[in-house]
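Everything below belongs to input_5.pdb, which stores PDB, C-alpha atoms.
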ATOM      1  CA  MET A   1     -44.297 -55.225 -94.670  1.00  0.00           C
ATOM      2  CA  THR A   2     -43.571 -57.581 -91.796  1.00  0.00           C
ATOM      3  CA  LYS A   3     -44.817 -56.893 -88.340  1.00  0.00           C
ATOM      4  CA  LYS A   4     -41.950 -56.296 -85.910  1.00  0.00           C
ATOM      5  CA  GLU A   5     -41.876 -58.980 -83.223  1.00  0.00           C
ATOM      6  CA  LYS A   6     -42.435 -57.867 -79.679  1.00  0.00           C
ATOM      7  CA  PRO A   7     -39.259 -58.415 -77.624  1.00  0.00           C
ATOM      8  CA  ILE A   8     -39.562 -60.912 -74.803  1.00  0.00           C
ATOM      9  CA  LYS A   9     -37.612 -60.179 -71.629  1.00  0.00           C
ATOM     10  CA  ILE A  10     -37.874 -63.045 -69.181  1.00  0.00           C
ATOM     11  CA  LEU A  11     -36.889 -63.238 -65.544  1.00  0.00           C
ATOM     12  CA  SER A  12     -36.477 -66.922 -64.811  1.00  0.00           C
ATOM     13  CA  ILE A  13     -36.394 -68.220 -61.267  1.00  0.00           C
ATOM     14  CA  LYS A  14     -35.208 -71.454 -59.697  1.00  0.00           C
ATOM     15  CA  PRO A  15     -36.626 -71.113 -56.175  1.00  0.00           C
ATOM     16  CA  GLY A  16     -35.048 -72.658 -53.129  1.00  0.00           C
ATOM     17  CA  THR A  17     -35.310 -72.250 -49.375  1.00  0.00           C
ATOM     18  CA  LYS A  18     -31.715 -71.002 -48.950  1.00  0.00           C
ATOM     19  CA  HIS A  19     -30.661 -69.841 -52.396  1.00  0.00           C
ATOM     20  CA  VAL A  20     -32.598 -68.556 -55.387  1.00  0.00           C
ATOM     21  CA  ALA A  21     -31.176 -68.554 -58.902  1.00  0.00           C
ATOM     22  CA  LEU A  22     -32.285 -65.697 -61.160  1.00  0.00           C
ATOM     23  CA  ALA A  23     -31.558 -65.242 -64.849  1.00  0.00           C
ATOM     24  CA  ILE A  24     -32.597 -62.521 -67.273  1.00  0.00           C
ATOM     25  CA  LEU A  25     -33.100 -63.475 -70.906  1.00  0.00           C
ATOM     26  CA  ASP A  26     -33.610 -60.818 -73.549  1.00  0.00           C
ATOM     27  CA  ASN A  27     -35.247 -63.036 -76.146  1.00  0.00           C
ATOM     28  CA  GLN A  28     -32.697 -65.872 -76.049  1.00  0.00           C
ATOM     29  CA  ASP A  29     -29.714 -63.762 -74.991  1.00  0.00           C
ATOM     30  CA  LEU A  30     -28.594 -64.368 -71.430  1.00  0.00           C
ATOM     31  CA  VAL A  31     -27.903 -60.868 -70.110  1.00  0.00           C
ATOM     32  CA  TYR A  32     -27.731 -61.449 -66.357  1.00  0.00           C
ATOM     33  CA  TRP A  33     -27.579 -64.320 -63.910  1.00  0.00           C
ATOM     34  CA  VAL A  34     -27.085 -64.556 -60.177  1.00  0.00           C
ATOM     35  CA  ILE A  35     -27.571 -66.886 -57.231  1.00  0.00           C
ATOM     36  CA  ILE A  36     -28.872 -65.029 -54.183  1.00  0.00           C
ATOM     37  CA  LYS A  37     -28.777 -66.295 -50.628  1.00  0.00           C
ATOM     38  CA  ILE A  38     -32.156 -65.541 -49.038  1.00  0.00           C
ATOM     39  CA  ARG A  39     -31.907 -67.562 -45.845  1.00  0.00           C
ATOM     40  CA  PHE A  40     -29.274 -67.183 -43.192  1.00  0.00           C
ATOM     41  CA  SER A  41     -28.944 -69.181 -39.975  1.00  0.00           C
ATOM     42  CA  VAL A  42     -31.871 -69.025 -37.552  1.00  0.00           C
ATOM     43  CA  MET A  43     -34.221 -66.906 -39.609  1.00  0.00           C
ATOM     44  CA  GLU A  44     -38.002 -66.665 -39.559  1.00  0.00           C
ATOM     45  CA  ASP A  45     -39.841 -67.762 -42.705  1.00  0.00           C
ATOM     46  CA  SER A  46     -41.381 -64.297 -42.999  1.00  0.00           C
ATOM     47  CA  GLN A  47     -37.880 -62.783 -43.220  1.00  0.00           C
ATOM     48  CA  VAL A  48     -36.941 -65.253 -45.957  1.00  0.00           C
ATOM     49  CA  VAL A  49     -39.982 -64.082 -47.954  1.00  0.00           C
ATOM     50  CA  LYS A  50     -38.971 -60.440 -47.386  1.00  0.00           C
ATOM     51  CA  ASN A  51     -35.457 -61.202 -48.630  1.00  0.00           C
ATOM     52  CA  LEU A  52     -36.873 -62.875 -51.735  1.00  0.00           C
ATOM     53  CA  LYS A  53     -39.231 -59.966 -52.462  1.00  0.00           C
ATOM     54  CA  TYR A  54     -36.418 -57.458 -51.965  1.00  0.00           C
ATOM     55  CA  SER A  55     -34.179 -59.346 -54.414  1.00  0.00           C
ATOM     56  CA  LEU A  56     -36.959 -59.728 -56.978  1.00  0.00           C
ATOM     57  CA  ASN A  57     -37.832 -56.028 -56.699  1.00  0.00           C
ATOM     58  CA  LYS A  58     -34.232 -55.017 -57.354  1.00  0.00           C
ATOM     59  CA  VAL A  59     -33.927 -57.242 -60.415  1.00  0.00           C
ATOM     60  CA  ILE A  60     -37.348 -56.316 -61.817  1.00  0.00           C
ATOM     61  CA  ASN A  61     -36.840 -52.592 -61.322  1.00  0.00           C
ATOM     62  CA  PHE A  62     -33.496 -52.704 -63.113  1.00  0.00           C
ATOM     63  CA  TRP A  63     -34.205 -55.158 -65.960  1.00  0.00           C
ATOM     64  CA  LYS A  64     -37.978 -54.592 -66.395  1.00  0.00           C
ATOM     65  CA  PRO A  65     -38.954 -58.086 -67.599  1.00  0.00           C
ATOM     66  CA  ASN A  66     -42.391 -58.582 -69.149  1.00  0.00           C
ATOM     67  CA  ILE A  67     -42.546 -62.313 -68.268  1.00  0.00           C
ATOM     68  CA  ILE A  68     -41.507 -64.351 -65.251  1.00  0.00           C
ATOM     69  CA  ALA A  69     -40.789 -68.073 -65.625  1.00  0.00           C
ATOM     70  CA  VAL A  70     -40.504 -70.200 -62.493  1.00  0.00           C
ATOM     71  CA  GLU A  71     -39.416 -73.791 -62.025  1.00  0.00           C
ATOM     72  CA  ASP A  72     -42.404 -75.311 -60.285  1.00  0.00           C
ATOM     73  CA  VAL A  73     -42.317 -77.566 -57.243  1.00  0.00           C
ATOM     74  CA  PHE A  74     -42.413 -81.044 -58.729  1.00  0.00           C
ATOM     75  CA  TYR A  75     -40.642 -83.703 -56.719  1.00  0.00           C
ATOM     76  CA  THR A  76     -42.301 -85.225 -53.650  1.00  0.00           C
ATOM     77  CA  GLN A  77     -39.631 -84.017 -51.246  1.00  0.00           C
ATOM     78  CA  SER A  78     -40.008 -80.452 -52.544  1.00  0.00           C
ATOM     79  CA  LYS A  79     -43.803 -80.597 -52.431  1.00  0.00           C
ATOM     80  CA  LYS A  80     -43.646 -81.447 -48.728  1.00  0.00           C
ATOM     81  CA  ASN A  81     -41.395 -78.465 -47.967  1.00  0.00           C
ATOM     82  CA  GLN A  82     -43.707 -75.871 -46.424  1.00  0.00           C
ATOM     83  CA  LEU A  83     -41.290 -72.964 -46.827  1.00  0.00           C
ATOM     84  CA  LEU A  84     -40.738 -73.699 -50.509  1.00  0.00           C
ATOM     85  CA  ASN A  85     -44.496 -73.848 -51.118  1.00  0.00           C
ATOM     86  CA  PHE A  86     -44.884 -70.597 -49.175  1.00  0.00           C
ATOM     87  CA  LEU A  87     -42.229 -68.944 -51.363  1.00  0.00           C
ATOM     88  CA  ILE A  88     -43.964 -70.138 -54.545  1.00  0.00           C
ATOM     89  CA  LYS A  89     -47.289 -68.694 -53.345  1.00  0.00           C
ATOM     90  CA  ASN A  90     -45.544 -65.411 -52.577  1.00  0.00           C
ATOM     91  CA  ILE A  91     -43.938 -65.311 -56.021  1.00  0.00           C
ATOM     92  CA  LYS A  92     -47.409 -65.739 -57.581  1.00  0.00           C
ATOM     93  CA  LYS A  93     -48.823 -63.003 -55.352  1.00  0.00           C
ATOM     94  CA  PHE A  94     -45.859 -60.712 -56.039  1.00  0.00           C
ATOM     95  CA  CYS A  95     -46.236 -61.122 -59.821  1.00  0.00           C
ATOM     96  CA  LYS A  96     -49.953 -60.407 -59.611  1.00  0.00           C
ATOM     97  CA  GLU A  97     -49.267 -57.217 -57.638  1.00  0.00           C
ATOM     98  CA  ARG A  98     -46.637 -56.119 -60.180  1.00  0.00           C
ATOM     99  CA  LYS A  99     -48.948 -57.088 -63.090  1.00  0.00           C
ATOM    100  CA  ILE A 100     -46.338 -59.336 -64.689  1.00  0.00           C
ATOM    101  CA  LYS A 101     -47.331 -62.580 -66.374  1.00  0.00           C
ATOM    102  CA  VAL A 102     -45.901 -65.597 -64.603  1.00  0.00           C
ATOM    103  CA  TYR A 103     -45.540 -69.127 -65.950  1.00  0.00           C
ATOM    104  CA  PHE A 104     -44.658 -72.226 -63.940  1.00  0.00           C
ATOM    105  CA  TYR A 105     -42.929 -75.184 -65.563  1.00  0.00           C
ATOM    106  CA  SER A 106     -42.154 -78.668 -64.303  1.00  0.00           C
ATOM    107  CA  PRO A 107     -38.392 -79.350 -64.160  1.00  0.00           C
ATOM    108  CA  LEU A 108     -38.987 -82.702 -65.846  1.00  0.00           C
ATOM    109  CA  LEU A 109     -40.786 -81.069 -68.785  1.00  0.00           C
ATOM    110  CA  VAL A 110     -37.973 -78.528 -69.177  1.00  0.00           C
ATOM    111  CA  ARG A 111     -35.259 -81.203 -69.051  1.00  0.00           C
ATOM    112  CA  LYS A 112     -37.099 -83.363 -71.597  1.00  0.00           C
ATOM    113  CA  TYR A 113     -37.161 -80.380 -73.944  1.00  0.00           C
ATOM    114  CA  PHE A 114     -33.367 -79.976 -73.733  1.00  0.00           C
ATOM    115  CA  CYS A 115     -32.262 -83.614 -73.459  1.00  0.00           C
ATOM    116  CA  LYS A 116     -33.578 -85.010 -76.704  1.00  0.00           C
ATOM    117  CA  LYS A 117     -30.609 -87.325 -77.370  1.00  0.00           C
ATOM    118  CA  GLU A 118     -29.177 -87.662 -73.867  1.00  0.00           C
ATOM    119  CA  LYS A 119     -30.497 -89.136 -70.667  1.00  0.00           C
ATOM    120  CA  VAL A 120     -32.987 -86.674 -69.151  1.00  0.00           C
ATOM    121  CA  ASN A 121     -31.313 -85.295 -66.037  1.00  0.00           C
ATOM    122  CA  LYS A 122     -29.994 -82.148 -64.391  1.00  0.00           C
ATOM    123  CA  ILE A 123     -26.328 -82.565 -65.382  1.00  0.00           C
ATOM    124  CA  ASN A 124     -27.077 -83.182 -69.077  1.00  0.00           C
ATOM    125  CA  THR A 125     -29.350 -80.151 -69.155  1.00  0.00           C
ATOM    126  CA  ALA A 126     -26.575 -78.073 -67.574  1.00  0.00           C
ATOM    127  CA  LYS A 127     -24.128 -79.326 -70.237  1.00  0.00           C
ATOM    128  CA  ILE A 128     -26.470 -78.234 -73.019  1.00  0.00           C
ATOM    129  CA  ILE A 129     -26.931 -74.799 -71.406  1.00  0.00           C
ATOM    130  CA  ALA A 130     -23.143 -74.468 -70.994  1.00  0.00           C
ATOM    131  CA  ASP A 131     -22.761 -75.253 -74.707  1.00  0.00           C
ATOM    132  CA  LEU A 132     -25.269 -72.506 -75.557  1.00  0.00           C
ATOM    133  CA  TYR A 133     -23.518 -69.968 -73.315  1.00  0.00           C
ATOM    134  CA  PRO A 134     -19.777 -70.790 -73.390  1.00  0.00           C
ATOM    135  CA  TRP A 135     -18.924 -68.398 -70.544  1.00  0.00           C
ATOM    136  CA  LEU A 136     -20.807 -70.778 -68.221  1.00  0.00           C
ATOM    137  CA  SER A 137     -18.757 -73.811 -69.234  1.00  0.00           C
ATOM    138  CA  GLU A 138     -16.161 -73.212 -66.502  1.00  0.00           C
ATOM    139  CA  LYS A 139     -18.928 -73.246 -63.872  1.00  0.00           C
ATOM    140  CA  TYR A 140     -20.344 -76.398 -65.430  1.00  0.00           C
ATOM    141  CA  LYS A 141     -16.948 -78.129 -65.333  1.00  0.00           C
ATOM    142  CA  ARG A 142     -16.494 -77.213 -61.652  1.00  0.00           C
ATOM    143  CA  GLU A 143     -19.943 -78.563 -60.782  1.00  0.00           C
ATOM    144  CA  LYS A 144     -19.443 -81.758 -62.784  1.00  0.00           C
ATOM    145  CA  LYS A 145     -16.378 -82.628 -60.671  1.00  0.00           C
ATOM    146  CA  LYS A 146     -18.479 -82.648 -57.503  1.00  0.00           C
ATOM    147  CA  ARG A 147     -20.026 -85.769 -56.049  1.00  0.00           C
ATOM    148  CA  TRP A 148     -23.608 -86.569 -57.081  1.00  0.00           C
ATOM    149  CA  TYR A 149     -25.137 -85.433 -53.781  1.00  0.00           C
ATOM    150  CA  GLN A 150     -23.478 -81.994 -54.066  1.00  0.00           C
ATOM    151  CA  LEU A 151     -24.410 -81.417 -57.694  1.00  0.00           C
ATOM    152  CA  LYS A 152     -27.955 -80.200 -57.259  1.00  0.00           C
ATOM    153  CA  PHE A 153     -26.940 -77.087 -55.328  1.00  0.00           C
ATOM    154  CA  GLY A 154     -24.406 -75.698 -57.791  1.00  0.00           C
ATOM    155  CA  LEU A 155     -26.553 -76.329 -60.836  1.00  0.00           C
ATOM    156  CA  ARG A 156     -29.363 -73.973 -59.819  1.00  0.00           C
ATOM    157  CA  ILE A 157     -28.363 -71.300 -62.309  1.00  0.00           C
ATOM    158  CA  PHE A 158     -28.508 -73.791 -65.176  1.00  0.00           C
ATOM    159  CA  ASP A 159     -32.016 -74.773 -64.073  1.00  0.00           C
ATOM    160  CA  ALA A 160     -33.091 -71.114 -64.018  1.00  0.00           C
ATOM    161  CA  ILE A 161     -31.681 -70.470 -67.495  1.00  0.00           C
ATOM    162  CA  ALA A 162     -33.294 -73.647 -68.850  1.00  0.00           C
ATOM    163  CA  VAL A 163     -36.701 -72.594 -67.495  1.00  0.00           C
ATOM    164  CA  GLY A 164     -36.336 -69.178 -69.130  1.00  0.00           C
ATOM    165  CA  LEU A 165     -35.347 -70.655 -72.497  1.00  0.00           C
ATOM    166  CA  PHE A 166     -38.172 -73.170 -72.338  1.00  0.00           C
ATOM    167  CA  CYS A 167     -40.620 -70.360 -71.549  1.00  0.00           C
ATOM    168  CA  HIS A 168     -39.293 -68.364 -74.515  1.00  0.00           C
ATOM    169  CA  HIS A 169     -39.805 -71.396 -76.769  1.00  0.00           C
ATOM    170  CA  GLN A 170     -43.361 -71.897 -75.507  1.00  0.00           C
ATOM    171  CA  LEU A 171     -44.239 -68.225 -76.005  1.00  0.00           C
ATOM    172  CA  LYS A 172     -42.821 -68.241 -79.534  1.00  0.00           C
ATOM    173  CA  LYS A 173     -44.956 -71.299 -80.326  1.00  0.00           C
ATOM    174  CA  LYS A 174     -48.023 -69.364 -79.147  1.00  0.00           C
ATOM    175  CA  LYS A 175     -46.890 -66.286 -81.152  1.00  0.00           C
ATOM    176  CA  TYR A 176     -46.449 -64.123 -78.058  1.00  0.00           C
TER     177      TYR A 176
END

Structure translated into structure tokens:
Amino acid sequence: MTKKEKPIKILSIKPGTKHVALAILDNQDLVYWVIIKIRFSVMEDSQVVKNLKYSLNKVINFWKPNIIAVEDVFYTQSKKNQLLNFLIKNIKKFCKERKIKVYFYSPLLVRKYFCKKEKVNKINTAKIIADLYPWLSEKYKREKKKRWYQLKFGLRIFDAIAVGLFCHHQLKKKKY
């Protein structure tokens, strides 16, 4: 008799200082995704954190994930951003309070996992994610038409989904 595998429900997060991308994966099925604006003009950093916590609470209370996967701060420009680092610390603290396991993954590591035959970059990763979830292909096509300096903002949801899928793969390797 085979042991039934424990289902893995992952909330994956692509943090940002203005927008946060959230995706819910039930095993490898994408069941929910959203980009939430957490910062509005002239707003204190403490209010941005409150907005993030409020959004995370709503999603966690509804979907009840047992794992949270977060794209870690990796690039030099991001590492120097005090608000982004503050948000990451608050996500860690929030997960500890809620007693939910949290994993942080480098965006480069995640992209290398997906882009085995293509050049390792954000747009190729988004293409692979759009191929996995065809209903996202229209969003991918819209983003691909944009100029290179606009691309990074619209691709947040693909980054969040990629982090969640990578986390699922890592947990399966460890026999979650």

Exactly which residues make up the result of the PyMOL selection byres ((chain A and resi 109) around 12) on this file, given as a compact mmCIF listing (two decimals) with C-alpha atoms, in the coordinates of the input?
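Everything below was put into part-v9.txt:
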# COMPACT_ATOMS: atom_id res chain seq x y z
CA GLU A 71 -39.42 -73.79 -62.02
CA ASP A 72 -42.40 -75.31 -60.28
CA PHE A 74 -42.41 -81.04 -58.73
CA PHE A 104 -44.66 -72.23 -63.94
CA TYR A 105 -42.93 -75.18 -65.56
CA SER A 106 -42.15 -78.67 -64.30
CA PRO A 107 -38.39 -79.35 -64.16
CA LEU A 108 -38.99 -82.70 -65.85
CA VAL A 110 -37.97 -78.53 -69.18
CA ARG A 111 -35.26 -81.20 -69.05
CA LYS A 112 -37.10 -83.36 -71.60
CA TYR A 113 -37.16 -80.38 -73.94
CA PHE A 114 -33.37 -79.98 -73.73
CA CYS A 115 -32.26 -83.61 -73.46
CA LYS A 116 -33.58 -85.01 -76.70
CA VAL A 120 -32.99 -86.67 -69.15
CA ASN A 121 -31.31 -85.30 -66.04
CA LYS A 122 -29.99 -82.15 -64.39
CA THR A 125 -29.35 -80.15 -69.16
CA ASP A 159 -32.02 -74.77 -64.07
CA ALA A 162 -33.29 -73.65 -68.85
CA VAL A 163 -36.70 -72.59 -67.50
CA PHE A 166 -38.17 -73.17 -72.34
CA CYS A 167 -40.62 -70.36 -71.55
CA GLN A 170 -43.36 -71.90 -75.51

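Coordinates place atom CA of Pro15 of chain A at a distance of 8.6 Å from atom CA of Arg156 of chain A.
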
What is the distance between atom CA of Lys53 of chain A and atom CA of Leu165 of chain A, in Å to one decimal?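 The value is 23.0 Å.
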
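Distances from A:Asn27, A:Arg98, A:Ile157, A:Asn124 to Asn61 of chain A were compared using all atoms listed in the file, and the smallest one belongs to A:Arg98.
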
Calculate how many Å separate atom CA of Lys14 of chain A from atom CA of Lys174 of chain A, rounding to one decimal.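 It comes out at 23.4 Å.
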
Give me the result of the PyMOL selection byres ((chain A and resi 9) around 10) on this file, residue by residue, as an MDAnalysis selection string. chainID A and resid 6:8 10:12 24:31 63:68 164 168

May I have the centre and edge lengths, in Å to one decimal, of an axis-aligned box around the listed atoms of segment 79-83 of chain A with 8 Å added to every side, as lines of an AutoDock Vina configuration file?
center_x = -42.5
center_y = -77.2
center_z = -49.4
size_x = 18.5
size_y = 24.5
size_z = 22.0

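Minimum atom-to-atom distances from A:Lys119, A:Ile128, A:Ile36, A:Lys172 to Tyr54 of chain A were compared using all atoms listed in the file, and the lowest value belongs to A:Ile36.
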
Evaluate the PyMOL selection byres ((chain A and resi 85) around 12) and record the selected residues as an NGL selection string, following the chain and residue labels used in the document. :A and (15-17 or 45 or 49 or 72-84 or 86-92)

Point out the residue among A:Ala126, A:Ala69, A:Leu136, A:Ile38 with the least atom-to-atom distance to Val102 of chain A, counting all atoms listed in the file. A:Ala69

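Using only C-alpha atoms, the shortest contact distance between Ile13 of chain A and any of A:Arg147, A:Tyr133, A:Tyr103, A:Ala160 is found at A:Ala160.
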
Which neighbours of Trp135 of chain A fall inside 12 Å, counting only C-alpha atoms, when residues of the same chain fewer than 4 positions from it are skipped, and could you give them as a list of chain:residue names?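 So the residues in contact are A:Leu30, A:Val31, A:Tyr32, A:Trp33, A:Ile129, A:Ala130, A:Asp131, A:Lys139, A:Tyr140, A:Lys141.
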
With only C-alpha atoms as the basis for distance, which of A:Met43, A:Ile35, A:His169, A:Leu22 is at the shortest distance from Val59 of chain A?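 Once distances to Val59 of chain A are computed over only C-alpha atoms, the minimum belongs to A:Leu22.
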